[in-house]
Structure formats: C-alpha cells, structure tokens
>>> print(open('query32.tsv').read())   # TSV, C-alpha atoms
chain	number	residue	atom	x	y	z
H	80	PRO	CA	-68.93	92.21	13.65
H	81	PHE	CA	-68.31	88.90	11.92
H	82	VAL	CA	-67.41	89.00	8.21
H	83	GLN	CA	-67.05	85.64	6.46
H	84	GLU	CA	-63.51	85.10	5.13
H	85	PHE	CA	-64.48	84.69	1.45
H	86	TYR	CA	-66.49	87.92	1.46
H	87	ALA	CA	-63.72	89.80	3.25
H	88	THR	CA	-61.12	88.62	0.74
H	89	ARG	CA	-63.42	89.52	-2.15
H	90	ALA	CA	-64.01	93.01	-0.69
H	91	SER	CA	-60.26	93.51	-0.46
H	92	ALA	CA	-59.76	92.36	-4.06
H	93	ASN	CA	-62.54	94.63	-5.30
H	94	LYS	CA	-60.90	97.58	-3.55
H	95	PHE	CA	-57.28	96.97	-4.51
H	96	LEU	CA	-57.51	95.07	-7.82
H	97	PRO	CA	-60.99	95.57	-9.32
H	98	GLY	CA	-61.94	93.01	-11.95
H	99	THR	CA	-59.92	90.23	-10.37
H	100	ASP	CA	-61.40	86.83	-11.15
H	101	VAL	CA	-58.95	84.51	-9.38
H	102	ILE	CA	-57.19	84.78	-6.03
H	103	ILE	CA	-54.61	82.24	-4.95
H	104	GLU	CA	-54.14	82.29	-1.20
H	105	LEU	CA	-51.53	80.22	0.59
H	106	GLY	CA	-51.51	80.30	4.34
H	107	GLY	CA	-49.62	78.46	7.01
H	108	GLU	CA	-52.01	75.52	7.11
H	109	ASP	CA	-54.34	75.95	4.15
H	110	ALA	CA	-54.43	76.78	0.48
H	111	LYS	CA	-57.34	78.31	-1.42
H	112	ILE	CA	-58.30	79.41	-4.88
H	113	LEU	CA	-61.17	81.87	-4.98
H	114	PHE	CA	-63.10	82.32	-8.21
H	115	LEU	CA	-64.88	85.67	-7.93
H	116	GLN	CA	-66.77	86.06	-11.20
H	117	GLY	CA	-69.86	84.11	-12.16
H	118	SER	CA	-70.94	81.71	-9.45
H	119	CYS	CA	-68.23	82.80	-6.97
H	120	GLU	CA	-66.70	79.80	-5.30
H	121	VAL	CA	-63.90	78.88	-2.96
H	122	ARG	CA	-61.84	75.75	-3.38
H	123	MET	CA	-59.77	74.84	-0.35
H	124	ASN	CA	-57.40	72.03	0.51
H	125	GLY	CA	-58.71	69.34	2.81
H	126	SER	CA	-57.25	68.03	6.02
H	127	CYS	CA	-53.61	67.92	4.90
H	128	ALA	CA	-51.21	70.87	4.98
H	129	GLY	CA	-49.33	69.65	1.88
H	130	GLY	CA	-48.46	72.60	-0.34
H	131	THR	CA	-48.90	75.25	2.38
H	132	GLY	CA	-46.60	77.44	4.45
H	133	ALA	CA	-46.18	74.65	7.01
H	134	PHE	CA	-45.13	72.32	4.21
H	135	ILE	CA	-42.58	74.87	2.96
H	136	ASP	CA	-41.25	75.30	6.51
H	137	GLN	CA	-40.81	71.52	6.83
H	138	MET	CA	-38.97	71.32	3.52
H	139	ALA	CA	-36.68	74.23	4.46
H	140	THR	CA	-35.85	72.45	7.72
H	141	LEU	CA	-34.99	69.33	5.73
H	142	LEU	CA	-32.63	71.45	3.60
H	143	ASN	CA	-31.23	73.01	6.81
H	144	ILE	CA	-32.02	76.58	5.71
H	145	GLU	CA	-34.67	79.20	6.43
H	146	PRO	CA	-37.63	79.56	4.00
H	147	LYS	CA	-36.37	82.99	2.88
H	148	GLN	CA	-32.94	81.50	2.10
H	149	MET	CA	-34.68	78.67	0.25
H	150	SER	CA	-36.46	81.26	-1.89
H	151	ASP	CA	-33.24	83.16	-2.56
H	152	VAL	CA	-31.31	80.09	-3.73
H	153	ALA	CA	-34.27	78.77	-5.74
H	154	LEU	CA	-34.19	81.83	-7.98
H	155	ASN	CA	-30.89	80.53	-9.43
H	156	TYR	CA	-32.05	77.02	-10.34
H	157	LYS	CA	-31.00	75.24	-13.53
H	158	GLN	CA	-33.25	72.16	-13.50
H	159	LEU	CA	-36.51	71.11	-11.85
H	160	TYR	CA	-37.15	67.66	-10.41
H	161	PRO	CA	-40.50	66.06	-9.52
H	162	ILE	CA	-41.43	66.24	-5.84
H	163	ALA	CA	-44.67	64.95	-4.32
H	164	SER	CA	-46.14	67.92	-2.48
H	165	ARG	CA	-49.47	66.35	-1.61
H	166	CYS	CA	-47.89	64.63	1.37
H	167	GLY	CA	-44.97	65.81	3.47
H	168	VAL	CA	-43.75	62.24	4.02
H	169	PHE	CA	-43.59	61.52	0.28
H	170	ALA	CA	-41.99	64.90	-0.39
H	171	LYS	CA	-39.30	64.24	2.22
H	172	THR	CA	-38.52	60.93	0.55
H	173	ASP	CA	-38.17	62.66	-2.83
H	174	ILE	CA	-36.00	65.42	-1.37
H	175	GLN	CA	-33.75	63.02	0.53
H	176	ASN	CA	-33.22	61.17	-2.75
H	177	LEU	CA	-32.25	64.44	-4.48
H	178	LEU	CA	-29.94	65.39	-1.60
H	179	SER	CA	-28.25	61.97	-1.66
H	180	ARG	CA	-27.53	62.52	-5.37
H	181	ARG	CA	-25.77	65.78	-4.36
H	182	LEU	CA	-27.88	67.86	-6.72
H	183	PRO	CA	-27.60	71.65	-6.43
H	184	LEU	CA	-29.56	73.09	-3.52
H	185	SER	CA	-30.96	75.72	-5.89
H	186	ASP	CA	-32.51	73.01	-8.07
H	187	ILE	CA	-34.00	71.20	-5.07
H	188	ALA	CA	-35.41	74.41	-3.58
H	189	ALA	CA	-36.96	75.48	-6.90
H	190	SER	CA	-38.39	71.99	-7.32
H	191	ILE	CA	-40.10	72.30	-3.93
H	192	PHE	CA	-41.72	75.60	-4.90
H	193	ASN	CA	-42.70	74.15	-8.27
H	194	ALA	CA	-44.34	71.22	-6.48
H	195	VAL	CA	-46.33	73.60	-4.27
H	196	ALA	CA	-47.57	75.54	-7.32
H	197	MET	CA	-48.45	72.32	-9.17
H	198	GLN	CA	-50.27	70.96	-6.11
H	199	THR	CA	-52.31	74.12	-5.70
H	200	ILE	CA	-53.30	74.44	-9.34
H	201	THR	CA	-54.03	70.78	-10.06
H	202	THR	CA	-55.95	69.97	-6.89
H	203	LEU	CA	-57.79	73.24	-6.35
H	204	ALA	CA	-58.45	74.60	-9.83
H	205	ARG	CA	-59.47	71.11	-11.04
H	206	GLY	CA	-59.60	72.22	-14.65
H	207	ALA	CA	-61.28	75.58	-14.08
H	208	ASP	CA	-59.90	78.43	-16.15
H	209	ILE	CA	-57.41	80.65	-14.38
H	210	ILE	CA	-58.18	84.08	-15.81
H	211	THR	CA	-55.59	86.80	-15.39
H	212	PRO	CA	-54.78	88.91	-13.57
H	213	VAL	CA	-54.39	86.50	-10.67
H	214	MET	CA	-54.09	88.05	-7.23
H	215	CYS	CA	-51.79	86.43	-4.65
H	216	THR	CA	-52.41	86.61	-0.94
H	217	GLY	CA	-51.08	84.99	2.20
H	218	GLY	CA	-47.71	84.94	3.90
H	219	PRO	CA	-45.87	82.38	1.73
H	220	LEU	CA	-46.73	84.20	-1.51
H	221	THR	CA	-45.89	87.54	0.10
H	222	PHE	CA	-42.48	86.68	1.47
H	223	LEU	CA	-41.15	84.04	-0.96
H	224	PRO	CA	-40.47	85.45	-4.45
H	225	ALA	CA	-39.40	82.03	-5.76
H	226	LEU	CA	-42.85	80.69	-4.90
H	227	ARG	CA	-44.47	83.43	-7.00
H	228	GLU	CA	-42.04	82.57	-9.81
H	229	ALA	CA	-43.18	78.96	-9.61
H	230	PHE	CA	-46.82	80.00	-10.02
H	231	VAL	CA	-45.93	82.13	-13.06
H	232	ARG	CA	-44.12	79.14	-14.56
H	233	VAL	CA	-46.84	76.58	-13.76
H	234	LEU	CA	-49.68	78.82	-14.94
H	235	GLY	CA	-47.76	79.87	-18.06
H	236	ILE	CA	-48.57	83.54	-17.48
H	237	LYS	CA	-46.59	86.77	-17.60
H	238	HIS	CA	-45.10	88.14	-14.39
H	239	SER	CA	-47.37	91.15	-14.69
H	240	ASP	CA	-50.41	88.82	-14.62
H	241	LEU	CA	-49.58	87.61	-11.12
H	242	VAL	CA	-50.35	90.51	-8.81
H	243	LEU	CA	-49.27	90.61	-5.21
H	244	HIS	CA	-51.98	92.28	-3.15
H	245	PRO	CA	-50.69	95.22	-1.10
H	246	ASN	CA	-49.94	93.78	2.34
H	247	ALA	CA	-50.92	90.38	0.98
H	248	GLU	CA	-50.38	88.67	4.30
H	249	ILE	CA	-53.37	90.55	5.75
H	250	THR	CA	-55.72	90.67	2.75
H	251	THR	CA	-58.65	89.10	4.56
H	252	ALA	CA	-58.30	91.36	7.58
H	253	ARG	CA	-58.23	94.44	5.34
H	254	GLY	CA	-61.32	93.18	3.51
H	255	ALA	CA	-63.13	92.57	6.79
H	256	ALA	CA	-62.40	96.15	7.82
H	257	LEU	CA	-63.73	97.38	4.46
H	258	SER	CA	-66.88	95.30	4.86
H	259	VAL	CA	-67.87	96.64	8.27
H	260	ASP	CA	-70.50	99.35	8.15
H	261	THR	CA	-69.05	102.20	10.18
H	262	SER	CA	-72.10	104.49	10.01
>>> encode(input="query32.tsv", output="structure tokens")
Amino acid sequence: PFVQEFYATRASANKFLPGTDVIIELGGEDAKILFLQGSCEVRMNGSCAGGTGAFIDQMATLLNIEPKQMSDVALNYKQLYPIASRCGVFAKTDIQNLLSRRLPLSDIAASIFNAVAMQTITTLARGADIITPVMCTGGPLTFLPALREAFVRVLGIKHSDLVLHPNAEITTARGAALSVDTS
C-alpha cells in the first residue's frame, strides 16, 4: 500500500531516534528539512537541484575526482571560500576561479560542502529553529562525512547532535515498511 513519503520518514525517525524534531534529507535531486514537532511540516527545494547529490556529483566532476574522494580531501581543509550553491552554473564559475588561483583542492572541496550546508539551512529552514538532535538521511549525507562536518559547522552544533539514521540512504523505505499494517 501507498505510504506518503513524509509519514514514512517520520515513522522511521520515531522508531530509530524517538524525540527527533528535525530531519535533514539530501537526495540525488532534492533536499528537504522535515520539522516533526508541533505543526509538522516539510520544506523542500524547488525545481533546481542546487545543493543536492546531483550538484555534488557535478562539482566533483569539475574537480576531476569522485565524490567520495572529494569528501576525503575536504576533511583536511585549512580555509573556506564562498561558493554559490543555489545554481550549478554560478558554482562552477566560483570553483573555476578558485582552481585558477591554484588553491588547495582540500579547501575547494570543503567550500563546496559548506555551500551545500549553507544552501540547505538558509533556503529551507528560513529562520525556523533547528532543535537538536538533528537526524540526517539520504545518500549524500550517508556516504560523505565531509558533508556532515559542514552541517555541524554551519549549524554550530556538536557532532553528537547530528545523528546519522541507521541505513540513512533508505530511511523512507524503512519507514514505509513500518507504516504498513501487516495484520
């Protein structure tokens, strides 16, 4: 039977991290912040894939490395630089500028992840309180530790306040299975 995505994700959060108020989910083509307490609402990016897994893939291609390698090198950054993550074209321009200045790849990679975290928080939270613990779901947050680090930095929270859901890449599917009445 059909289970709406928001309800499935909430069921999964209730099972694996009871009391969660905020879920940040980054997918291949979309980004969402789910606020579970109070009025329960979902805030999702619009028609652009800026700040999503597809965006990260494009930026890794521009750097001529795989996303996992980009995450590995980003963990050793020294300085962050502003990158426009709302639009892939603008981001590419910023990154090409940084590359032409022969800045360390680690700094550029970390700046990309920082831009994704900033994009997600500023455009989706829109001033709403991010109450910890925050649960992370979706492939990019599952497989890219430097991306999680960027969210910790941007949110100004402790590492322990950003919780990776078990099998975070399939959170919604697990919640859908939990929601189905098997009697």
>>> residues_around(input="query32.tsv", residues="Val121 in chain H", least_positions_apart="3", cutoff="7 Å", atoms="all atoms listed in the file", output="VMD selection string")
chain H and resid 111 to 114
>>> closest_residue(input="query32.tsv", among="H:Ala225, H:Ala196, H:Met214, H:Ile144", to="Gly98 in chain H", atoms="all atoms listed in the file")
H:Met214
>>> residues_around(input="query32.tsv", residues="range 226-233 of chain H", least_positions_apart="5", cutoff="7 Å", atoms="all atoms listed in the file", output="PyMOL selection string")
chain H and resi 192-193+196-197+220+238+241
>>> axis_aligned_box(input="query32.tsv", around="range 155-165 of chain H", padding_each_side="6 Å", output="lines of an AutoDock Vina configuration file")
center_x = -40.2
center_y = 72.7
center_z = -7.6
size_x = 30.6
size_y = 27.6
size_z = 23.9
>>> residues_near_point(input="query32.tsv", point="(-30.7, 68.2, 0.0)", cutoff="12 Å", atoms="all atoms listed in the file", output="PyMOL selection string")
chain H and resi 138-144+149+170-191
>>> atom_distance(input="query32.tsv", atom1="CA of Asn124 in chain H", atom2="CA of Ala110 in chain H")
5.6 Å
>>> residues_around(input="query32.tsv", residues="Arg165 in chain H", least_positions_apart="3", cutoff="12 Å", atoms="only C-alpha atoms", output="list in words")
Ala110, Asn124, Gly125, Ser126, Cys127, Ala128, Gly129, Gly130, Thr131, Phe134, Ile135, Pro161, Ile162, Val168, Phe169, Ala170, Lys171, Asp173, Ile191, Ala194, Val195, Ala196, Met197, Gln198, Thr199, Ile200, Thr201, Thr202 and Leu203 of chain H
>>> atom_distance(input="query32.tsv", atom1="CA of Ile209 in chain H", atom2="CA of Ile103 in chain H")
10.0 Å
>>> closest_residue(input="query32.tsv", among="H:Pro80, H:Gly132, H:Gly217, H:Pro146", to="His244 in chain H", atoms="all atoms listed in the file")
H:Gly217
>>> closest_residue(input="query32.tsv", among="H:Phe85, H:Phe95, H:Phe222, H:Tyr160", to="Arg122 in chain H", atoms="only C-alpha atoms")
H:Phe85
>>> atom_distance(input="query32.tsv", atom1="CA of Asn93 in chain H", atom2="CA of Leu105 in chain H")
19.1 Å
>>> closest_residue(input="query32.tsv", among="H:Gly218, H:Gly254, H:Pro245, H:Gly235", to="Glu108 in chain H", atoms="only C-alpha atoms")
H:Gly218
>>> residues_near_point(input="query32.tsv", point="(-54.8, 92.5, -5.7)", cutoff="12 Å", atoms="only C-alpha atoms", output="number ranges by chain")
H: 88-104, 211-217, 221, 239-251, 253-254
>>> closest_residue(input="query32.tsv", among="H:Leu223, H:Ile236, H:Val259, H:Cys166", to="Val152 in chain H", atoms="all atoms listed in the file")
H:Leu223
>>> closest_residue(input="query32.tsv", among="H:Leu257, H:Ala252, H:Ile210, H:Leu154", to="Glu84 in chain H", atoms="all atoms listed in the file")
H:Ala252
>>> build_atoms(input="query32.tsv", residues="range 193-223 of chain H", atoms="N, CA and C atoms", output="PDB file, keeping the file's coordinate frame")
ATOM      1  N   ASN H 193     -41.960  74.604  -7.089  1.00  0.00           N
ATOM      2  CA  ASN H 193     -42.700  74.150  -8.270  1.00  0.00           C
ATOM      3  C   ASN H 193     -43.762  73.124  -7.867  1.00  0.00           C
ATOM      4  N   ALA H 194     -43.389  72.229  -6.960  1.00  0.00           N
ATOM      5  CA  ALA H 194     -44.340  71.220  -6.480  1.00  0.00           C
ATOM      6  C   ALA H 194     -45.516  71.854  -5.763  1.00  0.00           C
ATOM      7  N   VAL H 195     -45.256  72.891  -4.985  1.00  0.00           N
ATOM      8  CA  VAL H 195     -46.330  73.600  -4.270  1.00  0.00           C
ATOM      9  C   VAL H 195     -47.284  74.232  -5.292  1.00  0.00           C
ATOM     10  N   ALA H 196     -46.732  74.902  -6.304  1.00  0.00           N
ATOM     11  CA  ALA H 196     -47.570  75.540  -7.320  1.00  0.00           C
ATOM     12  C   ALA H 196     -48.378  74.488  -8.082  1.00  0.00           C
ATOM     13  N   MET H 197     -47.745  73.392  -8.462  1.00  0.00           N
ATOM     14  CA  MET H 197     -48.450  72.320  -9.170  1.00  0.00           C
ATOM     15  C   MET H 197     -49.573  71.739  -8.311  1.00  0.00           C
ATOM     16  N   GLN H 198     -49.268  71.509  -7.041  1.00  0.00           N
ATOM     17  CA  GLN H 198     -50.270  70.960  -6.110  1.00  0.00           C
ATOM     18  C   GLN H 198     -51.475  71.885  -6.012  1.00  0.00           C
ATOM     19  N   THR H 199     -51.226  73.151  -5.848  1.00  0.00           N
ATOM     20  CA  THR H 199     -52.310  74.120  -5.700  1.00  0.00           C
ATOM     21  C   THR H 199     -53.175  74.173  -6.947  1.00  0.00           C
ATOM     22  N   ILE H 200     -52.547  74.296  -8.089  1.00  0.00           N
ATOM     23  CA  ILE H 200     -53.300  74.440  -9.340  1.00  0.00           C
ATOM     24  C   ILE H 200     -54.034  73.158  -9.701  1.00  0.00           C
ATOM     25  N   THR H 201     -53.368  72.014  -9.622  1.00  0.00           N
ATOM     26  CA  THR H 201     -54.030  70.780 -10.060  1.00  0.00           C
ATOM     27  C   THR H 201     -55.134  70.333  -9.117  1.00  0.00           C
ATOM     28  N   THR H 202     -54.926  70.477  -7.804  1.00  0.00           N
ATOM     29  CA  THR H 202     -55.950  69.970  -6.890  1.00  0.00           C
ATOM     30  C   THR H 202     -57.058  70.965  -6.595  1.00  0.00           C
ATOM     31  N   LEU H 203     -56.761  72.263  -6.682  1.00  0.00           N
ATOM     32  CA  LEU H 203     -57.790  73.240  -6.350  1.00  0.00           C
ATOM     33  C   LEU H 203     -58.498  73.806  -7.569  1.00  0.00           C
ATOM     34  N   ALA H 204     -57.779  74.071  -8.630  1.00  0.00           N
ATOM     35  CA  ALA H 204     -58.450  74.600  -9.830  1.00  0.00           C
ATOM     36  C   ALA H 204     -59.262  73.501 -10.505  1.00  0.00           C
ATOM     37  N   ARG H 205     -58.781  72.276 -10.446  1.00  0.00           N
ATOM     38  CA  ARG H 205     -59.470  71.110 -11.040  1.00  0.00           C
ATOM     39  C   ARG H 205     -60.039  71.427 -12.424  1.00  0.00           C
ATOM     40  N   GLY H 206     -59.198  71.977 -13.279  1.00  0.00           N
ATOM     41  CA  GLY H 206     -59.600  72.220 -14.650  1.00  0.00           C
ATOM     42  C   GLY H 206     -60.298  73.531 -14.912  1.00  0.00           C
ATOM     43  N   ALA H 207     -60.630  74.280 -13.877  1.00  0.00           N
ATOM     44  CA  ALA H 207     -61.280  75.580 -14.080  1.00  0.00           C
ATOM     45  C   ALA H 207     -60.272  76.544 -14.706  1.00  0.00           C
ATOM     46  N   ASP H 208     -60.768  77.446 -15.517  1.00  0.00           N
ATOM     47  CA  ASP H 208     -59.900  78.430 -16.150  1.00  0.00           C
ATOM     48  C   ASP H 208     -59.347  79.398 -15.121  1.00  0.00           C
ATOM     49  N   ILE H 209     -58.062  79.639 -15.210  1.00  0.00           N
ATOM     50  CA  ILE H 209     -57.410  80.650 -14.380  1.00  0.00           C
ATOM     51  C   ILE H 209     -57.287  81.887 -15.260  1.00  0.00           C
ATOM     52  N   ILE H 210     -58.142  82.865 -15.013  1.00  0.00           N
ATOM     53  CA  ILE H 210     -58.180  84.080 -15.810  1.00  0.00           C
ATOM     54  C   ILE H 210     -57.328  85.142 -15.144  1.00  0.00           C
ATOM     55  N   THR H 211     -56.476  85.771 -15.929  1.00  0.00           N
ATOM     56  CA  THR H 211     -55.590  86.800 -15.390  1.00  0.00           C
ATOM     57  C   THR H 211     -56.280  88.155 -15.409  1.00  0.00           C
ATOM     58  N   PRO H 212     -55.867  89.069 -14.540  1.00  0.00           N
ATOM     59  CA  PRO H 212     -54.780  88.910 -13.570  1.00  0.00           C
ATOM     60  C   PRO H 212     -55.192  88.023 -12.402  1.00  0.00           C
ATOM     61  N   VAL H 213     -54.203  87.349 -11.845  1.00  0.00           N
ATOM     62  CA  VAL H 213     -54.390  86.500 -10.670  1.00  0.00           C
ATOM     63  C   VAL H 213     -53.796  87.239  -9.479  1.00  0.00           C
ATOM     64  N   MET H 214     -54.578  87.372  -8.431  1.00  0.00           N
ATOM     65  CA  MET H 214     -54.090  88.050  -7.230  1.00  0.00           C
ATOM     66  C   MET H 214     -53.554  87.016  -6.248  1.00  0.00           C
ATOM     67  N   CYS H 215     -52.409  87.305  -5.654  1.00  0.00           N
ATOM     68  CA  CYS H 215     -51.790  86.430  -4.650  1.00  0.00           C
ATOM     69  C   CYS H 215     -51.975  87.026  -3.270  1.00  0.00           C
ATOM     70  N   THR H 216     -52.308  86.167  -2.322  1.00  0.00           N
ATOM     71  CA  THR H 216     -52.410  86.610  -0.940  1.00  0.00           C
ATOM     72  C   THR H 216     -51.810  85.537  -0.029  1.00  0.00           C
ATOM     73  N   GLY H 217     -51.606  85.910   1.205  1.00  0.00           N
ATOM     74  CA  GLY H 217     -51.080  84.990   2.200  1.00  0.00           C
ATOM     75  C   GLY H 217     -49.575  85.160   2.378  1.00  0.00           C
ATOM     76  N   GLY H 218     -49.107  84.775   3.546  1.00  0.00           N
ATOM     77  CA  GLY H 218     -47.710  84.940   3.900  1.00  0.00           C
ATOM     78  C   GLY H 218     -46.712  84.298   2.946  1.00  0.00           C
ATOM     79  N   PRO H 219     -46.859  83.001   2.610  1.00  0.00           N
ATOM     80  CA  PRO H 219     -45.870  82.380   1.730  1.00  0.00           C
ATOM     81  C   PRO H 219     -45.719  83.106   0.385  1.00  0.00           C
ATOM     82  N   LEU H 220     -46.821  83.495  -0.226  1.00  0.00           N
ATOM     83  CA  LEU H 220     -46.730  84.200  -1.510  1.00  0.00           C
ATOM     84  C   LEU H 220     -46.210  85.624  -1.336  1.00  0.00           C
ATOM     85  N   THR H 221     -46.394  86.195  -0.169  1.00  0.00           N
ATOM     86  CA  THR H 221     -45.890  87.540   0.100  1.00  0.00           C
ATOM     87  C   THR H 221     -44.382  87.550   0.268  1.00  0.00           C
ATOM     88  N   PHE H 222     -43.874  86.609   1.039  1.00  0.00           N
ATOM     89  CA  PHE H 222     -42.480  86.680   1.470  1.00  0.00           C
ATOM     90  C   PHE H 222     -41.517  85.789   0.694  1.00  0.00           C
ATOM     91  N   LEU H 223     -42.017  84.973  -0.231  1.00  0.00           N
ATOM     92  CA  LEU H 223     -41.150  84.040  -0.960  1.00  0.00           C
ATOM     93  C   LEU H 223     -41.254  84.269  -2.469  1.00  0.00           C
TER      94      LEU H 223
END
